[in-house]
$ cat start_11.cif   # mmCIF, C-alpha atoms
data_target
loop_
_atom_site.label_atom_id
_atom_site.label_comp_id
_atom_site.auth_asym_id
_atom_site.auth_seq_id
_atom_site.Cartn_x
_atom_site.Cartn_y
_atom_site.Cartn_z
CA MET A 25 152.99 171.33 295.18
CA LYS A 26 152.61 172.35 291.56
CA VAL A 27 152.07 169.38 289.25
CA ALA A 28 152.04 169.26 285.45
CA ALA A 29 150.17 166.72 283.35
CA ILE A 30 151.81 166.70 279.91
CA GLN A 31 149.50 166.09 276.95
CA MET A 32 150.90 164.89 273.63
CA VAL A 33 149.85 163.54 270.24
CA SER A 34 152.72 161.13 269.73
CA THR A 35 153.80 159.92 266.30
CA GLY A 36 155.71 156.93 264.98
CA ASP A 37 158.97 158.93 265.07
CA LEU A 38 160.82 158.41 268.36
CA GLN A 39 163.13 161.41 268.04
CA ASP A 40 160.27 163.73 267.13
CA ASN A 41 158.33 162.59 270.17
CA LEU A 42 161.30 163.08 272.49
CA HIS A 43 161.83 166.57 271.08
CA VAL A 44 158.20 167.50 271.79
CA ALA A 45 158.33 165.94 275.24
CA ARG A 46 161.48 167.90 276.13
CA SER A 47 159.89 171.16 275.06
CA LEU A 48 156.75 170.52 277.13
CA LEU A 49 158.77 169.42 280.15
CA GLY A 50 160.73 172.67 279.85
CA GLN A 51 157.48 174.63 279.87
CA ALA A 52 156.36 172.77 282.99
CA ALA A 53 159.63 173.54 284.79
CA GLU A 54 159.49 177.22 283.79
CA ALA A 55 155.96 177.40 285.22
CA GLY A 56 157.24 176.15 288.57
CA ALA A 57 156.14 172.52 288.48
CA GLU A 58 157.90 170.12 290.84
CA LEU A 59 156.45 167.01 289.22
CA ALA A 60 155.65 166.47 285.54
CA VAL A 61 153.82 163.39 284.27
CA LEU A 62 154.19 162.33 280.63
CA PRO A 63 151.40 160.37 278.92
CA GLU A 64 151.28 156.68 278.10
CA TYR A 65 153.29 155.84 274.96
CA PHE A 66 154.83 159.33 274.98
CA CYS A 67 157.80 157.94 273.05
CA LEU A 68 155.90 156.23 270.21
CA ILE A 69 152.45 155.60 268.78
CA GLY A 70 153.02 153.88 265.46
CA PRO A 71 150.70 152.29 262.91
CA LYS A 72 151.14 148.82 264.47
CA ASP A 73 151.17 147.67 268.11
CA SER A 74 154.30 145.66 267.34
CA ASP A 75 156.22 148.90 266.60
CA LYS A 76 156.89 149.06 270.34
CA LEU A 77 159.12 146.00 270.06
CA GLY A 78 161.56 147.92 267.87
CA ILE A 79 162.35 150.56 270.51
CA GLN A 80 162.30 148.35 273.61
CA GLU A 81 165.02 148.83 276.19
CA PRO A 82 166.36 146.75 279.06
CA TYR A 83 165.48 148.31 282.40
CA GLY A 84 168.21 150.69 283.46
CA SER A 85 169.72 151.60 280.09
CA GLY A 86 168.76 152.87 276.67
CA PRO A 87 168.21 156.19 274.88
CA ILE A 88 164.65 156.76 276.13
CA GLN A 89 165.57 156.22 279.77
CA GLU A 90 168.68 158.38 279.31
CA PHE A 91 166.50 161.10 277.78
CA VAL A 92 164.19 161.18 280.80
CA ALA A 93 167.04 161.03 283.31
CA ASN A 94 168.84 163.90 281.60
CA ALA A 95 165.67 165.99 281.36
CA ALA A 96 164.95 165.48 285.07
CA ARG A 97 168.52 166.47 285.96
CA ASP A 98 168.72 169.44 283.60
CA LEU A 99 165.34 170.84 284.63
CA GLY A 100 165.55 169.98 288.34
CA LEU A 101 162.22 168.23 287.98
CA TRP A 102 160.55 165.05 289.17
CA ILE A 103 159.42 163.28 285.98
CA VAL A 104 157.17 160.26 285.59
CA ALA A 105 157.83 158.85 282.14
CA GLY A 106 154.26 157.95 281.20
CA THR A 107 155.14 154.59 279.67
CA LEU A 108 157.92 153.15 277.57
CA PRO A 109 158.51 149.58 276.35
CA LEU A 110 160.89 147.58 278.55
CA THR A 111 162.21 144.15 277.65
CA ALA A 112 160.05 141.30 278.95
CA SER A 113 160.53 137.55 279.37
CA GLN A 114 159.00 136.82 275.95
CA PRO A 115 160.89 138.05 272.85
CA ASP A 116 157.69 139.13 271.09
CA HIS A 117 156.32 141.04 274.10
CA VAL A 118 157.36 144.04 276.19
CA PHE A 119 156.30 145.53 279.49
CA ASN A 120 154.42 148.82 279.28
CA SER A 121 156.33 150.52 282.08
CA SER A 122 156.03 153.80 283.93
CA LEU A 123 159.25 155.08 285.51
CA ALA A 124 159.67 157.80 288.15
CA TYR A 125 162.83 159.94 288.17
CA ASN A 126 163.95 162.40 290.82
CA PRO A 127 165.63 165.76 290.02
CA GLN A 128 169.02 164.08 290.24
CA GLY A 129 168.07 161.89 287.28
CA GLU A 130 167.77 158.70 289.35
CA CYS A 131 164.99 156.23 288.60
CA LEU A 132 163.31 155.57 291.96
CA ALA A 133 160.27 153.55 290.91
CA ARG A 134 159.06 151.27 288.14
CA TYR A 135 155.45 150.22 287.56
CA ASP A 136 154.54 147.70 284.86
CA LYS A 137 150.95 148.11 283.64
CA ILE A 138 148.87 145.39 285.27
CA HIS A 139 145.59 145.47 283.32
CA LEU A 140 145.85 145.07 279.54
CA PHE A 141 143.24 146.78 277.40
CA ARG A 142 141.01 144.81 275.04
CA TYR A 143 138.06 146.34 273.21
CA SER A 144 136.12 145.70 270.02
CA ASN A 145 132.97 147.42 268.81
CA GLY A 146 132.95 146.13 265.23
CA THR A 147 134.79 149.20 263.94
CA GLU A 148 137.68 149.56 266.38
CA SER A 149 139.62 146.65 267.83
CA TYR A 150 142.42 146.65 270.42
CA ASP A 151 144.17 143.85 272.30
CA GLU A 152 147.28 144.90 274.20
CA SER A 153 148.03 141.34 275.26
CA ARG A 154 149.27 140.63 271.71
CA VAL A 155 152.48 142.56 272.43
CA LEU A 156 152.41 143.45 276.11
CA GLU A 157 153.30 141.31 279.11
CA ARG A 158 151.31 142.37 282.13
CA GLY A 159 152.80 143.48 285.41
CA SER A 160 151.66 142.29 288.81
CA THR A 161 152.84 144.73 291.48
CA PRO A 162 151.30 148.01 292.66
CA THR A 163 154.09 150.57 293.05
CA ALA A 164 154.32 153.79 295.05
CA PHE A 165 157.16 156.22 295.71
CA THR A 166 157.73 159.15 298.04
CA LEU A 167 158.31 162.70 296.86
CA PRO A 168 159.68 165.27 299.33
CA SER A 169 158.11 168.53 298.18
CA LYS A 170 159.18 172.13 298.61
CA ASP A 171 155.91 172.60 300.54
CA GLY A 172 157.52 170.73 303.43
CA HIS A 173 155.42 167.60 303.01
CA THR A 174 156.50 164.21 301.77
CA TRP A 175 153.92 163.01 299.28
CA SER A 176 153.18 159.34 298.70
CA VAL A 177 152.51 158.77 295.00
CA GLY A 178 150.75 155.70 293.55
CA MET A 179 151.40 154.64 289.97
CA SER A 180 148.95 153.26 287.42
CA VAL A 181 148.41 153.37 283.66
CA CYS A 182 145.30 154.01 281.54
CA TYR A 183 143.06 150.89 281.57
CA ASP A 184 144.03 150.31 285.21
CA MET A 185 141.59 153.04 286.21
CA ARG A 186 138.66 150.68 285.60
CA PHE A 187 139.86 148.45 288.44
CA ALA A 188 139.08 150.17 291.72
CA GLU A 189 140.85 147.53 293.80
CA LEU A 190 144.26 148.76 292.61
CA TYR A 191 143.58 152.26 293.90
CA ARG A 192 142.09 150.99 297.12
CA GLU A 193 145.35 149.14 297.70
CA TYR A 194 147.11 152.47 297.35
CA ALA A 195 144.64 154.10 299.74
CA LYS A 196 145.43 151.42 302.32
CA ARG A 197 149.09 152.42 301.96
CA GLY A 198 148.24 156.06 302.61
CA VAL A 199 148.92 157.32 299.10
CA ASP A 200 148.18 161.03 298.56
CA LEU A 201 148.44 161.37 294.77
CA LEU A 202 147.38 158.84 292.13
CA LEU A 203 148.95 158.98 288.67
CA ALA A 204 147.24 157.72 285.51
CA PRO A 205 149.25 158.40 282.33
CA SER A 206 146.98 157.28 279.51
CA ALA A 207 146.21 156.92 275.83
CA PHE A 208 142.43 156.46 276.05
CA THR A 209 140.59 155.85 272.80
CA HIS A 210 138.22 158.63 271.77
CA THR A 211 135.26 156.25 271.98
CA THR A 212 135.86 155.02 275.53
CA GLY A 213 137.20 158.39 276.69
CA GLU A 214 134.08 160.23 275.64
CA ALA A 215 131.99 157.77 277.65
CA HIS A 216 134.06 157.08 280.75
CA TRP A 217 137.32 159.04 281.13
CA GLU A 218 136.36 161.88 283.45
CA VAL A 219 133.83 159.98 285.53
CA LEU A 220 136.30 157.16 286.23
CA LEU A 221 139.09 159.51 287.27
CA ARG A 222 136.85 161.62 289.49
CA ALA A 223 135.53 158.44 291.11
CA ARG A 224 139.08 157.26 291.86
CA ALA A 225 139.82 160.63 293.51
CA ILE A 226 136.59 160.71 295.53
CA GLU A 227 136.54 157.15 296.79
CA ASN A 228 140.19 157.26 297.88
CA LEU A 229 140.24 160.92 299.01
CA SER A 230 143.35 161.47 296.90
CA PHE A 231 144.57 163.87 294.27
CA VAL A 232 144.70 162.45 290.72
CA ALA A 233 146.99 163.47 287.86
CA ALA A 234 146.07 162.00 284.47
CA ALA A 235 148.37 162.89 281.56
CA ALA A 236 146.87 161.86 278.24
CA GLN A 237 147.42 161.44 274.55
CA GLY A 238 144.92 163.75 272.86
CA GLY A 239 144.31 164.06 269.15
CA VAL A 240 144.50 162.32 265.79
CA HIS A 241 147.83 160.53 265.35
CA PRO A 242 149.58 159.95 262.02
CA SER A 243 148.73 156.26 262.42
CA GLY A 244 145.04 157.22 262.21
CA ARG A 245 144.40 156.42 265.87
CA ARG A 246 142.28 158.99 267.69
CA THR A 247 142.83 159.52 271.41
CA TRP A 248 140.53 161.33 273.81
CA GLY A 249 142.89 163.73 275.56
CA GLN A 250 141.39 165.85 278.37
CA SER A 251 144.41 165.60 280.65
CA LEU A 252 143.14 166.23 284.16
CA LEU A 253 144.25 167.27 287.63
CA ILE A 254 141.61 166.45 290.26
CA ASP A 255 141.39 167.17 293.98
CA PRO A 256 140.30 164.70 296.72
CA TRP A 257 136.75 166.08 296.64
CA GLY A 258 136.48 165.22 292.96
CA LYS A 259 136.82 168.76 291.65
CA VAL A 260 138.64 169.19 288.35
CA LEU A 261 141.43 171.69 289.00
CA ALA A 262 142.75 171.96 285.45
CA GLN A 263 142.29 170.28 282.09
CA GLN A 264 142.98 170.53 278.37
CA ALA A 265 140.72 169.03 275.73
CA GLN A 266 143.00 168.19 272.80
CA GLY A 267 146.47 168.80 271.40
CA PRO A 268 149.91 169.05 272.98
CA GLY A 269 150.13 171.13 276.13
CA VAL A 270 150.95 171.46 279.81
CA VAL A 271 148.11 171.19 282.32
CA LEU A 272 149.10 172.76 285.65
CA ALA A 273 147.61 172.99 289.13
CA ASP A 274 148.73 173.53 292.70
CA LEU A 275 147.95 170.54 294.91
CA ASP A 276 147.40 171.59 298.52
CA TYR A 277 148.42 168.97 301.07
CA ARG A 278 146.39 170.77 303.74
CA GLN A 279 143.26 170.30 301.63
CA LEU A 280 144.00 166.57 301.47
CA GLN A 281 144.23 166.41 305.26
CA HIS A 282 141.09 168.52 305.65
CA CYS A 283 139.03 166.30 303.32
CA ARG A 284 140.14 163.13 305.08
CA ALA A 285 139.36 164.60 308.50
CA GLN A 286 136.02 166.02 307.41
CA LEU A 287 134.89 162.76 305.76
CA PRO A 288 136.93 159.87 307.20
CA ALA A 289 135.49 157.35 304.74
CA LEU A 290 138.74 155.43 304.47
CA GLN A 291 138.44 154.61 308.18
CA HIS A 292 134.89 153.35 307.72
CA ARG A 293 135.70 150.47 305.39
CA VAL A 294 134.04 147.23 306.39
CA LEU A 295 134.99 144.92 303.52
CA ALA A 296 138.64 144.34 302.66
#
$ encode --input "start_11.cif" --output "structure tokens"
Amino acid sequence: MKVAAIQMVSTGDLQDNLHVARSLLGQAAEAGAELAVLPEYFCLIGPKDSDKLGIQEPYGSGPIQEFVANAARDLGLWIVAGTLPLTASQPDHVFNSSLAYNPQGECLARYDKIHLFRYSNGTESYDESRVLERGSTPTAFTLPSKDGHTWSVGMSVCYDMRFAELYREYAKRGVDLLLAPSAFTHTTGEAHWEVLLRARAIENLSFVAAAAQGGVHPSGRRTWGQSLLIDPWGKVLAQQAQGPGVVLADLDYRQLQHCRAQLPALQHRVLA
């Protein structure tokens, strides 16, 4: 199954970001991708965290969700909409939600980011809990591929990748592909991005698709980029350092089965 990780450098202009996303999704479809994953905050990275509140949508309706549904339908593509802000229980907070659409434009899965990023090194400071309400439920969906296999796909977002227990829960469910749309800071990405993602692939014997924000945004924020596709043995299949682009690789279900048969580590777990 050919998978595309879409890399962007999103701005504070919603329509501009949707235009760029549509172009990149079109490139992915033309290249033969069945699944395309957009990055976290693909729709908006503004100068303030609270800018997300201004474009929030109720789940099931709104221009951003309509955009993704229409793109999936028009392109005949499975699309995971990295994240977009969905209305939460608190008026001054939103969920940071990842939505999965099938080629008919139907939303089949919703994952609300569970772990909220907080970091301060004296120069940079982030605290997502100021505007985000955290989710609580791991979410997976099934994707019948043209390769004849039905893939089980586990959803996560960015900071989640530091919490191995989430991905082990997916492994217990038999998930084959782990998604991690992200907007990693340059500082933390340089230190930890690739090693964390390769570890999640290796320890769970799963493919990983990580679509990232990558570059200097008009807000001044700098994101790490390096969108990655990784196989169950931890090999990087494709990547792009910085800038908008489409990162493509063929994921071989037979390789997944071979790795799990050759090294049945998931059957050797002793602790829960």
$ residues_around --input "start_11.cif" --residues "Arg246 of chain A" --least-positions-apart "5" --cutoff "6 Å" --atoms "only C-alpha atoms" --output "PyMOL selection string"
chain A and resi 210+239-240
$ residues_around --input "start_11.cif" --residues "Leu252 of chain A" --least-positions-apart "2" --cutoff "12 Å" --atoms "only C-alpha atoms" --output "PDB file with C-alpha atoms, in the coordinates of the input"
ATOM      1  CA  VAL A  27     152.070 169.380 289.250  1.00  0.00           C
ATOM      2  CA  ALA A  28     152.040 169.260 285.450  1.00  0.00           C
ATOM      3  CA  ALA A  29     150.170 166.720 283.350  1.00  0.00           C
ATOM      4  CA  ILE A  30     151.810 166.700 279.910  1.00  0.00           C
ATOM      5  CA  GLN A  31     149.500 166.090 276.950  1.00  0.00           C
ATOM      6  CA  VAL A  61     153.820 163.390 284.270  1.00  0.00           C
ATOM      7  CA  PRO A  63     151.400 160.370 278.920  1.00  0.00           C
ATOM      8  CA  LEU A 202     147.380 158.840 292.130  1.00  0.00           C
ATOM      9  CA  LEU A 203     148.950 158.980 288.670  1.00  0.00           C
ATOM     10  CA  ALA A 204     147.240 157.720 285.510  1.00  0.00           C
ATOM     11  CA  PRO A 205     149.250 158.400 282.330  1.00  0.00           C
ATOM     12  CA  SER A 206     146.980 157.280 279.510  1.00  0.00           C
ATOM     13  CA  TRP A 217     137.320 159.040 281.130  1.00  0.00           C
ATOM     14  CA  GLU A 218     136.360 161.880 283.450  1.00  0.00           C
ATOM     15  CA  VAL A 219     133.830 159.980 285.530  1.00  0.00           C
ATOM     16  CA  LEU A 220     136.300 157.160 286.230  1.00  0.00           C
ATOM     17  CA  LEU A 221     139.090 159.510 287.270  1.00  0.00           C
ATOM     18  CA  ARG A 222     136.850 161.620 289.490  1.00  0.00           C
ATOM     19  CA  ALA A 225     139.820 160.630 293.510  1.00  0.00           C
ATOM     20  CA  PHE A 231     144.570 163.870 294.270  1.00  0.00           C
ATOM     21  CA  VAL A 232     144.700 162.450 290.720  1.00  0.00           C
ATOM     22  CA  ALA A 233     146.990 163.470 287.860  1.00  0.00           C
ATOM     23  CA  ALA A 234     146.070 162.000 284.470  1.00  0.00           C
ATOM     24  CA  ALA A 235     148.370 162.890 281.560  1.00  0.00           C
ATOM     25  CA  ALA A 236     146.870 161.860 278.240  1.00  0.00           C
ATOM     26  CA  GLN A 237     147.420 161.440 274.550  1.00  0.00           C
ATOM     27  CA  GLY A 238     144.920 163.750 272.860  1.00  0.00           C
ATOM     28  CA  TRP A 248     140.530 161.330 273.810  1.00  0.00           C
ATOM     29  CA  GLY A 249     142.890 163.730 275.560  1.00  0.00           C
ATOM     30  CA  GLN A 250     141.390 165.850 278.370  1.00  0.00           C
ATOM     31  CA  ILE A 254     141.610 166.450 290.260  1.00  0.00           C
ATOM     32  CA  ASP A 255     141.390 167.170 293.980  1.00  0.00           C
ATOM     33  CA  GLY A 258     136.480 165.220 292.960  1.00  0.00           C
ATOM     34  CA  LYS A 259     136.820 168.760 291.650  1.00  0.00           C
ATOM     35  CA  VAL A 260     138.640 169.190 288.350  1.00  0.00           C
ATOM     36  CA  LEU A 261     141.430 171.690 289.000  1.00  0.00           C
ATOM     37  CA  ALA A 262     142.750 171.960 285.450  1.00  0.00           C
ATOM     38  CA  GLN A 263     142.290 170.280 282.090  1.00  0.00           C
ATOM     39  CA  GLN A 264     142.980 170.530 278.370  1.00  0.00           C
ATOM     40  CA  ALA A 265     140.720 169.030 275.730  1.00  0.00           C
ATOM     41  CA  GLN A 266     143.000 168.190 272.800  1.00  0.00           C
ATOM     42  CA  GLY A 269     150.130 171.130 276.130  1.00  0.00           C
ATOM     43  CA  VAL A 270     150.950 171.460 279.810  1.00  0.00           C
ATOM     44  CA  VAL A 271     148.110 171.190 282.320  1.00  0.00           C
ATOM     45  CA  LEU A 272     149.100 172.760 285.650  1.00  0.00           C
ATOM     46  CA  ALA A 273     147.610 172.990 289.130  1.00  0.00           C
TER      47      ALA A 273
END
$ residues_near_point --input "start_11.cif" --point "(147.4, 160.9, 262.6)" --cutoff "10 Å" --atoms "only C-alpha atoms" --output "PDB file with C-alpha atoms, in the frame of the given file"
ATOM      1  CA  VAL A  33     149.850 163.540 270.240  1.00  0.00           C
ATOM      2  CA  SER A  34     152.720 161.130 269.730  1.00  0.00           C
ATOM      3  CA  THR A  35     153.800 159.920 266.300  1.00  0.00           C
ATOM      4  CA  GLY A  36     155.710 156.930 264.980  1.00  0.00           C
ATOM      5  CA  ILE A  69     152.450 155.600 268.780  1.00  0.00           C
ATOM      6  CA  GLY A  70     153.020 153.880 265.460  1.00  0.00           C
ATOM      7  CA  PRO A  71     150.700 152.290 262.910  1.00  0.00           C
ATOM      8  CA  GLY A 239     144.310 164.060 269.150  1.00  0.00           C
ATOM      9  CA  VAL A 240     144.500 162.320 265.790  1.00  0.00           C
ATOM     10  CA  HIS A 241     147.830 160.530 265.350  1.00  0.00           C
ATOM     11  CA  PRO A 242     149.580 159.950 262.020  1.00  0.00           C
ATOM     12  CA  SER A 243     148.730 156.260 262.420  1.00  0.00           C
ATOM     13  CA  GLY A 244     145.040 157.220 262.210  1.00  0.00           C
ATOM     14  CA  ARG A 245     144.400 156.420 265.870  1.00  0.00           C
ATOM     15  CA  ARG A 246     142.280 158.990 267.690  1.00  0.00           C
TER      16      ARG A 246
END
$ residues_around --input "start_11.cif" --residues "segment 121-124 of chain A" --least-positions-apart "6" --cutoff "6 Å" --atoms "only C-alpha atoms" --output "list of chain:residue names"
A:Ile103, A:Val104, A:Ala105, A:Gly106, A:Thr107, A:Leu108, A:Cys131, A:Leu132, A:Ala133, A:Arg134, A:Tyr135, A:Asp136
$ resolve_selection --input "start_11.cif" --expression "the PyMOL selection byres ((chain A and resi 142) around 10)" --output "PyMOL selection string"
chain A and resi 139-141+143-144+149-154+183
$ closest_residue --input "start_11.cif" --among "A:Ala60, A:Gly178, A:Arg186, A:Ser251" --to "Tyr125 of chain A" --atoms "all atoms listed in the file"
A:Ala60
$ closest_residue --input "start_11.cif" --among "A:Leu290, A:Lys137, A:Tyr277, A:Thr247" --to "Gly198 of chain A" --atoms "all atoms listed in the file"
A:Leu290
$ closest_residue --input "start_11.cif" --among "A:Ser113, A:Asn145, A:Ser180, A:Asn228" --to "Pro162 of chain A" --atoms "all atoms listed in the file"
A:Ser180
